[in-house]
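Peer 1: So that you have it, the file is input_9.txt, and it contains compact mmCIF, C-alpha atoms and all ligand atoms:
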# COMPACT_ATOMS: atom_id res chain seq x y z
CA MET A 1 0.00 0.00 0.00
CA ARG A 2 1.02 3.58 -0.63
CA LEU A 3 -0.02 5.90 2.18
CA CYS A 4 0.20 9.68 1.84
CA ARG A 5 -0.54 12.83 3.79
CA PHE A 6 -1.96 15.65 1.74
CA ASP A 7 -3.80 18.98 1.83
CA SER A 8 -3.26 19.87 5.50
CA ASN A 9 -3.16 16.50 7.23
CA ARG A 10 -5.59 14.48 5.16
CA LEU A 11 -4.73 10.78 4.84
CA GLY A 12 -4.73 9.08 1.47
CA LEU A 13 -4.17 5.74 -0.22
CA VAL A 14 -2.46 6.17 -3.57
CA GLU A 15 -3.78 3.97 -6.39
CA GLY A 16 -2.41 4.70 -9.82
CA GLY A 17 -2.94 8.38 -10.49
CA GLU A 18 -5.54 8.82 -7.77
CA VAL A 19 -5.63 9.50 -4.05
CA LEU A 20 -8.40 7.83 -2.04
CA ASP A 21 -9.25 10.12 0.87
CA VAL A 22 -9.34 7.83 3.93
CA THR A 23 -8.85 10.59 6.52
CA PRO A 24 -11.44 9.09 8.93
CA ALA A 25 -8.99 6.19 9.48
CA LEU A 26 -7.03 8.57 11.71
CA GLU A 27 -9.81 8.16 14.29
CA VAL A 28 -8.28 4.82 15.37
CA ILE A 29 -5.36 6.75 16.91
CA PRO A 30 -6.09 7.08 20.65
CA PRO A 31 -6.56 10.68 21.84
CA GLN A 32 -3.50 12.17 23.54
CA ARG A 33 -2.90 14.60 26.36
CA TYR A 34 0.03 16.89 26.97
CA PRO A 35 2.90 16.10 27.00
CA LEU A 36 2.61 14.43 23.61
CA PRO A 37 4.89 11.50 22.87
CA THR A 38 8.08 12.28 20.96
CA HIS A 39 7.41 9.70 18.26
CA ASP A 40 4.89 9.56 15.41
CA LEU A 41 1.43 8.39 16.46
CA LEU A 42 0.23 7.44 13.00
CA ILE A 43 3.21 5.15 12.47
CA GLU A 44 2.84 3.71 16.00
CA HIS A 45 -0.72 2.70 15.12
CA LEU A 46 -0.04 2.02 11.45
CA ASP A 47 -1.48 -1.52 11.39
CA ARG A 48 -4.85 -0.34 12.69
CA VAL A 49 -4.83 2.77 10.51
CA LEU A 50 -4.18 0.69 7.40
CA GLU A 51 -6.87 -1.81 8.37
CA ARG A 52 -9.42 0.99 8.72
CA ALA A 53 -8.17 2.66 5.55
CA ARG A 54 -8.69 -0.57 3.61
CA SER A 55 -12.29 -0.78 4.81
CA LEU A 56 -12.92 2.88 3.89
CA ALA A 57 -11.27 2.65 0.48
CA PRO A 58 -14.16 1.29 -1.65
CA SER A 59 -16.36 4.29 -0.84
CA ALA A 60 -13.63 6.89 -0.28
CA PRO A 61 -13.71 10.18 -2.21
CA ARG A 62 -11.15 10.16 -5.03
CA ARG A 63 -8.82 12.97 -6.02
CA GLN A 64 -6.38 13.25 -8.88
CA LEU A 65 -2.86 12.77 -7.49
CA ALA A 66 -1.64 15.72 -9.52
CA ALA A 67 -4.24 17.98 -7.86
CA VAL A 68 -3.26 17.38 -4.23
CA ARG A 69 -0.41 18.89 -2.22
CA LEU A 70 1.67 16.06 -0.78
CA GLU A 71 3.09 16.43 2.73
CA ALA A 72 5.81 14.38 4.40
CA PRO A 73 4.39 10.88 5.01
CA VAL A 74 5.65 11.02 8.62
CA ALA A 75 4.38 14.15 10.36
CA ASN A 76 6.28 13.89 13.65
CA PRO A 77 9.45 11.79 13.44
CA GLY A 78 11.28 11.57 16.75
CA LYS A 79 14.55 11.88 14.89
CA ILE A 80 15.87 12.08 11.34
CA ILE A 81 18.89 9.80 11.17
CA ASN A 82 21.32 10.05 8.27
CA ALA A 83 24.09 7.86 6.91
CA PRO A 84 27.14 9.74 5.61
CA ILE A 85 29.48 8.29 2.95
CA ASN A 86 27.51 5.09 2.39
CA TYR A 87 28.26 4.51 -1.31
CA GLN A 88 31.87 3.83 -2.31
CA ALA A 89 31.68 5.99 -5.45
CA HIS A 90 30.46 8.93 -3.34
CA ILE A 91 33.34 8.36 -0.91
CA ASP A 92 35.69 8.47 -3.90
CA GLU A 93 34.24 11.77 -5.16
CA ALA A 94 34.42 13.24 -1.65
CA LYS A 95 38.10 12.32 -1.52
CA THR A 96 38.85 14.25 -4.70
CA ASP A 97 36.47 17.18 -4.04
CA LYS A 98 37.40 18.41 -0.59
CA THR A 99 34.44 20.79 -0.48
CA LEU A 100 32.16 17.78 -0.04
CA ALA A 101 33.55 16.66 3.31
CA GLN A 102 34.74 19.88 4.91
CA GLY A 103 32.35 19.39 7.79
CA ALA A 104 34.63 16.61 8.92
CA THR A 105 37.91 18.49 8.68
CA GLY A 106 40.61 16.55 10.47
CA LYS A 107 39.09 13.11 9.92
CA GLN A 108 41.70 10.85 8.39
CA THR A 109 39.41 8.00 7.37
CA MET A 110 36.47 7.76 5.00
CA ASN A 111 34.50 4.92 6.55
CA ILE A 112 30.96 4.98 7.86
CA GLY A 113 32.05 2.73 10.73
CA ASP A 114 34.38 5.51 11.91
CA TRP A 115 32.11 8.44 11.12
CA GLY A 116 28.91 7.17 12.69
CA LEU A 117 25.47 8.49 11.77
CA PHE A 118 24.24 12.05 12.16
CA LEU A 119 20.93 13.82 12.74
CA LYS A 120 19.07 16.50 10.85
CA ALA A 121 16.68 18.76 12.77
CA ASN A 122 13.02 17.73 12.50
CA SER A 123 12.16 21.34 11.62
CA ALA A 124 13.90 20.81 8.26
CA LEU A 125 11.28 18.26 7.14
CA ILE A 126 8.94 18.97 4.21
CA GLY A 127 6.88 16.94 1.76
CA VAL A 128 7.21 17.13 -1.99
CA GLY A 129 4.27 19.52 -2.38
CA ALA A 130 6.36 22.21 -0.71
CA GLU A 131 9.34 24.06 -2.17
CA VAL A 132 12.95 23.80 -1.08
CA LYS A 133 13.94 27.30 0.00
CA LEU A 134 17.69 27.80 -0.42
CA ARG A 135 19.75 29.89 1.98
CA LYS A 136 23.26 31.26 1.68
CA PRO A 137 23.49 32.37 -1.98
CA ASP A 138 27.29 32.51 -1.65
CA ARG A 139 27.46 28.80 -0.84
CA ARG A 140 27.00 25.60 -2.82
CA ASN A 141 23.56 24.07 -2.08
CA ASP A 142 23.55 20.39 -3.11
CA HIS A 143 20.99 17.66 -3.67
CA GLU A 144 21.57 14.18 -2.23
CA VAL A 145 18.95 11.57 -3.18
CA GLU A 146 18.59 8.73 -0.67
CA LEU A 147 16.38 5.75 0.09
CA VAL A 148 14.39 6.37 3.28
CA ALA A 149 13.45 3.63 5.74
CA VAL A 150 10.80 4.52 8.33
CA ILE A 151 10.94 2.67 11.65
CA GLY A 152 7.62 1.08 12.63
CA LYS A 153 8.19 -0.32 16.10
CA THR A 154 10.31 0.64 19.09
CA CYS A 155 13.58 -1.28 19.03
CA ASN A 156 16.98 -1.25 20.64
CA ARG A 157 20.17 -3.22 19.96
CA VAL A 158 18.63 -4.90 16.92
CA ARG A 159 20.55 -7.63 15.11
CA LYS A 160 20.69 -7.10 11.37
CA GLU A 161 19.03 -10.47 10.82
CA ASP A 162 15.91 -9.11 12.56
CA ALA A 163 16.11 -5.49 11.41
CA LEU A 164 13.54 -5.48 8.61
CA LYS A 165 10.82 -6.56 11.06
CA TYR A 166 11.01 -3.04 12.50
CA VAL A 167 10.51 -1.20 9.20
CA ALA A 168 7.09 0.38 8.60
CA GLY A 169 7.86 1.29 5.01
CA TYR A 170 10.03 3.15 2.56
CA SER A 171 10.11 6.54 0.95
CA ILE A 172 12.47 8.83 -0.97
CA GLY A 173 14.56 11.48 0.74
CA LEU A 174 16.54 14.49 -0.38
CA ASP A 175 19.30 15.32 2.09
CA MET A 176 19.74 18.92 0.96
CA THR A 177 23.10 20.28 2.05
CA ILE A 178 24.97 23.56 2.23
CA ARG A 179 28.66 22.83 1.64
CA GLY A 180 31.14 24.37 4.03
CA THR A 181 33.11 23.89 7.20
CA GLU A 182 30.32 23.87 9.80
CA ASP A 183 29.04 20.72 11.48
CA ARG A 184 26.65 18.67 9.33
CA SER A 185 23.81 19.01 11.82
CA PHE A 186 23.99 22.76 11.06
CA ARG A 187 24.47 22.74 7.28
CA LYS A 188 21.86 20.02 6.65
CA SER A 189 19.18 21.26 9.05
CA VAL A 190 18.14 24.41 7.21
CA ASP A 191 14.34 24.74 6.96
CA THR A 192 13.09 22.61 4.00
CA TYR A 193 16.43 20.73 3.64
CA ALA A 194 14.89 17.35 4.55
CA VAL A 195 12.50 16.42 1.74
CA VAL A 196 10.64 13.10 2.23
CA GLY A 197 8.02 11.70 -0.09
CA PRO A 198 6.03 11.27 -2.13
CA TRP A 199 4.43 8.68 0.19
CA LEU A 200 5.14 5.72 2.46
CA VAL A 201 5.25 2.36 0.67
CA THR A 202 4.71 -0.75 2.78
CA PRO A 203 7.55 -3.31 2.73
CA ASP A 204 5.49 -5.96 0.88
CA GLU A 205 5.48 -3.72 -2.22
CA VAL A 206 9.21 -2.99 -2.07
CA GLY A 207 10.69 -6.41 -1.39
CA ASP A 208 14.46 -6.22 -0.99
CA PRO A 209 15.33 -2.59 -0.12
CA ASN A 210 18.94 -3.27 -1.02
CA ASP A 211 18.29 -3.76 -4.72
CA LEU A 212 16.51 -0.63 -5.96
CA ALA A 213 17.44 1.70 -8.82
CA ILE A 214 17.80 5.24 -7.46
CA SER A 215 18.20 8.47 -9.40
CA ILE A 216 17.72 12.22 -9.45
CA SER A 217 17.70 14.68 -12.31
CA VAL A 218 17.73 18.47 -12.19
CA ASN A 219 15.82 20.30 -14.93
CA GLY A 220 15.84 17.04 -16.91
CA GLU A 221 19.59 16.41 -16.59
CA VAL A 222 20.49 13.17 -14.78
CA ARG A 223 22.82 13.92 -11.85
CA GLN A 224 22.80 10.80 -9.67
CA LYS A 225 21.99 7.29 -10.90
CA SER A 226 22.84 4.20 -8.91
CA ASN A 227 21.36 1.24 -7.08
CA THR A 228 20.86 0.69 -3.36
CA SER A 229 22.79 -2.58 -3.76
CA ARG A 230 25.89 -0.35 -3.76
CA MET A 231 25.35 0.86 -0.19
CA VAL A 232 28.30 0.10 2.11
CA TYR A 233 25.94 -0.54 5.05
CA ASN A 234 22.65 -1.91 3.77
CA VAL A 235 19.29 -1.09 5.39
CA GLN A 236 19.54 -3.93 7.93
CA ARG A 237 23.06 -2.98 8.95
CA LEU A 238 22.10 0.70 9.30
CA ILE A 239 19.28 -0.24 11.69
CA GLU A 240 21.64 -2.47 13.65
CA TYR A 241 24.25 0.32 13.74
CA ALA A 242 21.81 3.07 14.75
CA SER A 243 20.12 0.98 17.44
CA GLU A 244 23.51 0.10 18.89
CA TRP A 245 23.64 3.77 20.02
CA TYR A 246 20.03 4.79 20.58
CA THR A 247 16.54 3.37 20.82
CA LEU A 248 14.56 3.68 17.60
CA HIS A 249 10.90 4.68 17.82
CA PRO A 250 7.90 4.50 15.47
CA GLY A 251 8.29 7.19 12.84
CA ASP A 252 12.04 7.60 13.16
CA ILE A 253 13.33 8.30 9.66
CA ILE A 254 16.58 6.88 8.32
CA LEU A 255 18.11 8.46 5.22
CA THR A 256 20.44 5.75 4.02
CA GLY A 257 23.12 7.79 2.27
CA THR A 258 23.64 9.13 -1.23
CA PRO A 259 25.43 7.78 -4.29
CA GLU A 260 27.94 9.73 -6.37
CA GLY A 261 26.94 12.70 -8.47
CA VAL A 262 25.88 15.18 -5.79
CA GLY A 263 25.70 18.65 -7.25
CA PRO A 264 24.40 22.16 -6.81
CA VAL A 265 20.89 23.51 -7.36
CA LYS A 266 19.79 27.08 -7.76
CA PRO A 267 16.51 28.96 -7.34
CA GLY A 268 13.88 27.87 -9.85
CA ASP A 269 15.33 24.40 -10.50
CA VAL A 270 13.08 21.35 -10.55
CA MET A 271 14.45 18.13 -9.06
CA HIS A 272 12.99 14.79 -10.17
CA ALA A 273 13.79 11.91 -7.81
CA GLU A 274 12.94 8.28 -8.41
CA ILE A 275 13.41 4.97 -6.60
CA GLU A 276 12.32 1.69 -8.12
CA ARG A 277 9.16 0.22 -6.51
CA VAL A 278 8.92 3.20 -4.14
CA GLY A 279 7.87 6.00 -6.46
CA ALA A 280 8.93 9.29 -8.01
CA PHE A 281 8.36 12.96 -7.45
CA ASP A 282 9.16 16.43 -8.70
CA VAL A 283 10.07 19.04 -6.13
CA ARG A 284 10.73 22.64 -6.95
CA VAL A 285 13.47 24.87 -5.62
CA ALA A 286 11.84 28.19 -4.73
CA ALA A 287 12.45 31.06 -7.13
CA GLU A 288 14.08 33.20 -4.44
CA TYR A 289 16.51 32.51 -1.61
CA ALA A 290 14.88 32.38 1.83
CA GLY A 291 14.68 35.89 3.25
MN MN B 1 23.26 12.48 2.76
Kindly return the structure encoded in the file as structure tokens.
Ligand code: MN
Peer 2:
Amino acid sequence: MRLCRFDSNRLGLVEGGEVLDVTPALEVIPPQRYPLPTHDLLIEHLDRVLERARSLAPSAPRRQLAAVRLEAPVANPGKIINAPINYQAHIDEAKTDKTLAQGATGKQTMNIGDWGLFLKANSALIGVGAEVKLRKPDRRNDHEVELVAVIGKTCNRVRKEDALKYVAGYSIGLDMTIRGTEDRSFRKSVDTYAVVGPWLVTPDEVGDPNDLAISISVNGEVRQKSNTSRMVYNVQRLIEYASEWYTLHPGDIILTGTPEGVGPVKPGDVMHAEIERVGAFDVRVAAEYAG
């Protein structure tokens, strides 16, 4: 199933070019009182939400996909976890283009096992119906297309053999990045610099997440084109690695790293990202830099 959020927190099932509005399925989520949990409630209750959505689907109002504004499929992730240097060819390009890895000045190795994972601020998250608003016109602002795995159940110290049991689904992420010397959590946490969408695809539709064609083009020109089989740490290993350091909660988002070909975008560009069996989207870079 392909589950989307659209038009100010409506819930949809995507079928072909249509969105079935199953918003009433959100009623299965138990009411909450302050303080709210720091994980995503829809993902925590995803099984029940999907069950209700399935029963609503035959009589649900239908909208054209192209006519709705898609929001991030996870509204309230507890954390946005990111893998650095997780494709060998990207490591190689970072070695020759020092501007790509300046945030790690002083590091002698180029190995994810030495670098660890990093976090982007949740306030950077947008869906594909929004625009990426660039900052810092004097800096290089790059796209990084990445497979996204969304955690479905709380887990800690997971073995990689068990890891996929904790995945709620997959999506496509753009880890937008300002190049420079500052820490990554700073340069990659600009408002709108975490694009996730177009929807959440359940694992049964994706199959092996480590064998998916992945690409991004800018204004029709292909920039990155690879396959998730080339990840250094595959999805299972990333979950094992992350949960070795912190508990993972429903709705935690893992961006699994980007292949080679990262490059700059400028105001007005249109990025087209695509991952096999997950989906595709266009997202626009706003015409002006953020004021
Ligand atoms: Mn990245």
Peer 1: Go through A:Pro137, A:Gly127, A:Gly152, A:Pro84 and flag the residue nearest ligand MN 1 (chain B), using only C-alpha atoms and all ligand atoms for the distances.
Peer 2: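 Ranking A:Pro137, A:Gly127, A:Gly152, A:Pro84 by distance to ligand MN 1 (chain B), first place goes to A:Pro84.
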Peer 1: Which neighbours of His272 of chain A fall inside 6 Å, counting only C-alpha atoms, when residues of the same chain fewer than 4 positions from it are skipped, and could you give them as a PyMOL selection string?
Peer 2: chain A and resi 216-217+281-282
Peer 1: Produce a file of the selected residues containing C-alpha atoms, as an mmCIF file, keeping the file's coordinate frame.
Peer 2:
data_model
loop_
_atom_site.group_PDB
_atom_site.id
_atom_site.type_symbol
_atom_site.label_atom_id
_atom_site.label_comp_id
_atom_site.auth_asym_id
_atom_site.auth_seq_id
_atom_site.Cartn_x
_atom_site.Cartn_y
_atom_site.Cartn_z
ATOM 1 C CA ILE A 216 17.720 12.220 -9.450
ATOM 2 C CA SER A 217 17.700 14.680 -12.310
ATOM 3 C CA PHE A 281 8.360 12.960 -7.450
ATOM 4 C CA ASP A 282 9.160 16.430 -8.700
#
Peer 1: Hey, can you check how far atom CA of Asp269 of chain A sits from atom CA of Thr256 of chain A?
Peer 2: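 It comes out at 24.2 Å.
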Peer 1: Give as an MDAnalysis selection string every residue, naming chains and numbers as the document does, that has an atom within 8 Å of (-3.7, 6.3, -0.2), counting only C-alpha atoms.
Peer 2: chainID A and resid 1:4 11:15 19:22
Peer 1: How about saving the chosen residues, C-alpha atoms kept, as an mmCIF file, in the coordinates of the input?
Peer 2:
data_model
loop_
_atom_site.group_PDB
_atom_site.id
_atom_site.type_symbol
_atom_site.label_atom_id
_atom_site.label_comp_id
_atom_site.auth_asym_id
_atom_site.auth_seq_id
_atom_site.Cartn_x
_atom_site.Cartn_y
_atom_site.Cartn_z
ATOM 1 C CA MET A 1 0.000 0.000 0.000
ATOM 2 C CA ARG A 2 1.020 3.580 -0.630
ATOM 3 C CA LEU A 3 -0.020 5.900 2.180
ATOM 4 C CA CYS A 4 0.200 9.680 1.840
ATOM 5 C CA LEU A 11 -4.730 10.780 4.840
ATOM 6 C CA GLY A 12 -4.730 9.080 1.470
ATOM 7 C CA LEU A 13 -4.170 5.740 -0.220
ATOM 8 C CA VAL A 14 -2.460 6.170 -3.570
ATOM 9 C CA GLU A 15 -3.780 3.970 -6.390
ATOM 10 C CA VAL A 19 -5.630 9.500 -4.050
ATOM 11 C CA LEU A 20 -8.400 7.830 -2.040
ATOM 12 C CA ASP A 21 -9.250 10.120 0.870
ATOM 13 C CA VAL A 22 -9.340 7.830 3.930
#
Peer 1: If you take all atoms listed in the file and a cut-off of 7 Å, which residues of segment 106-180 of chain A touch segment 195-205 of chain A, and what are their nearest atom pairs and distances in Å to one decimal, in chain and number order, as a tab-separated table?
Peer 2:
residue	atom	partner	partner_atom	distance
A:Leu125	CA	A:Val195	CA	5.8
A:Ile126	CA	A:Val195	CA	5.0
A:Gly127	CA	A:Val196	CA	5.4
A:Val128	CA	A:Gly197	CA	5.8
A:Ala168	CA	A:Thr202	CA	6.4
A:Gly169	CA	A:Thr202	CA	4.4
A:Tyr170	CA	A:Val201	CA	5.2
A:Ser171	CA	A:Leu200	CA	5.3
A:Ile172	CA	A:Gly197	CA	5.4
A:Gly173	CA	A:Val196	CA	4.5
A:Leu174	CA	A:Val195	CA	5.0
A:Asp175	CA	A:Val195	CA	6.9
Peer 1: Take the residues from that selection and write them out as a short mmCIF file (atom, residue, chain, number, x, y, z; two decimals), in the coordinates of the input, keeping C-alpha atoms.
Peer 2:
data_model
loop_
_atom_site.label_atom_id
_atom_site.label_comp_id
_atom_site.auth_asym_id
_atom_site.auth_seq_id
_atom_site.Cartn_x
_atom_site.Cartn_y
_atom_site.Cartn_z
CA LEU A 125 11.28 18.26 7.14
CA ILE A 126 8.94 18.97 4.21
CA GLY A 127 6.88 16.94 1.76
CA VAL A 128 7.21 17.13 -1.99
CA ALA A 168 7.09 0.38 8.60
CA GLY A 169 7.86 1.29 5.01
CA TYR A 170 10.03 3.15 2.56
CA SER A 171 10.11 6.54 0.95
CA ILE A 172 12.47 8.83 -0.97
CA GLY A 173 14.56 11.48 0.74
CA LEU A 174 16.54 14.49 -0.38
CA ASP A 175 19.30 15.32 2.09
#
Peer 1: Write out as a Markdown table a residue-level contact list of chain A versus ligand MN 1 (chain B) with cut-off 8 Å: for each qualifying residue the closest pair of atoms and the distance in Å to one decimal, counting all atoms listed in the file, rows sorted by chain and residue number upward.
Peer 2:
| residue | atom | partner | partner_atom | distance |
| --- | --- | --- | --- | --- |
| A:Asn82 | CA | B:MN1 | MN | 6.3 |
| A:Ala83 | CA | B:MN1 | MN | 6.3 |
| A:Pro84 | CA | B:MN1 | MN | 5.5 |
| A:Ile85 | CA | B:MN1 | MN | 7.5 |
| A:Glu144 | CA | B:MN1 | MN | 5.5 |
| A:Val145 | CA | B:MN1 | MN | 7.4 |
| A:Glu146 | CA | B:MN1 | MN | 6.9 |
| A:Leu174 | CA | B:MN1 | MN | 7.7 |
| A:Asp175 | CA | B:MN1 | MN | 4.9 |
| A:Met176 | CA | B:MN1 | MN | 7.6 |
| A:Thr177 | CA | B:MN1 | MN | 7.8 |
| A:Leu255 | CA | B:MN1 | MN | 7.0 |
| A:Thr256 | CA | B:MN1 | MN | 7.4 |
| A:Gly257 | CA | B:MN1 | MN | 4.7 |
| A:Thr258 | CA | B:MN1 | MN | 5.2 |
Peer 1: So which residues touch Asp191 of chain A within 10 Å, counting all atoms listed in the file, skipping near sequence neighbours fewer than 5 positions away, as a compact mmCIF listing (two decimals) with C-alpha atoms, in the frame of the given file?
Peer 2:
# COMPACT_ATOMS: atom_id res chain seq x y z
CA ALA A 121 16.68 18.76 12.77
CA ASN A 122 13.02 17.73 12.50
CA SER A 123 12.16 21.34 11.62
CA ALA A 124 13.90 20.81 8.26
CA LEU A 125 11.28 18.26 7.14
CA ILE A 126 8.94 18.97 4.21
CA VAL A 132 12.95 23.80 -1.08
CA LYS A 133 13.94 27.30 0.00
CA LEU A 134 17.69 27.80 -0.42
CA ARG A 135 19.75 29.89 1.98
CA MET A 176 19.74 18.92 0.96
CA ALA A 290 14.88 32.38 1.83
Peer 1: With only C-alpha atoms as the basis for distance, which of A:Val74, A:Leu212, A:Val206, A:Ile178 is at the shortest distance from Val190 of chain A?
Peer 2: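 Counting only C-alpha atoms, the residue closest to Val190 of chain A is A:Ile178.
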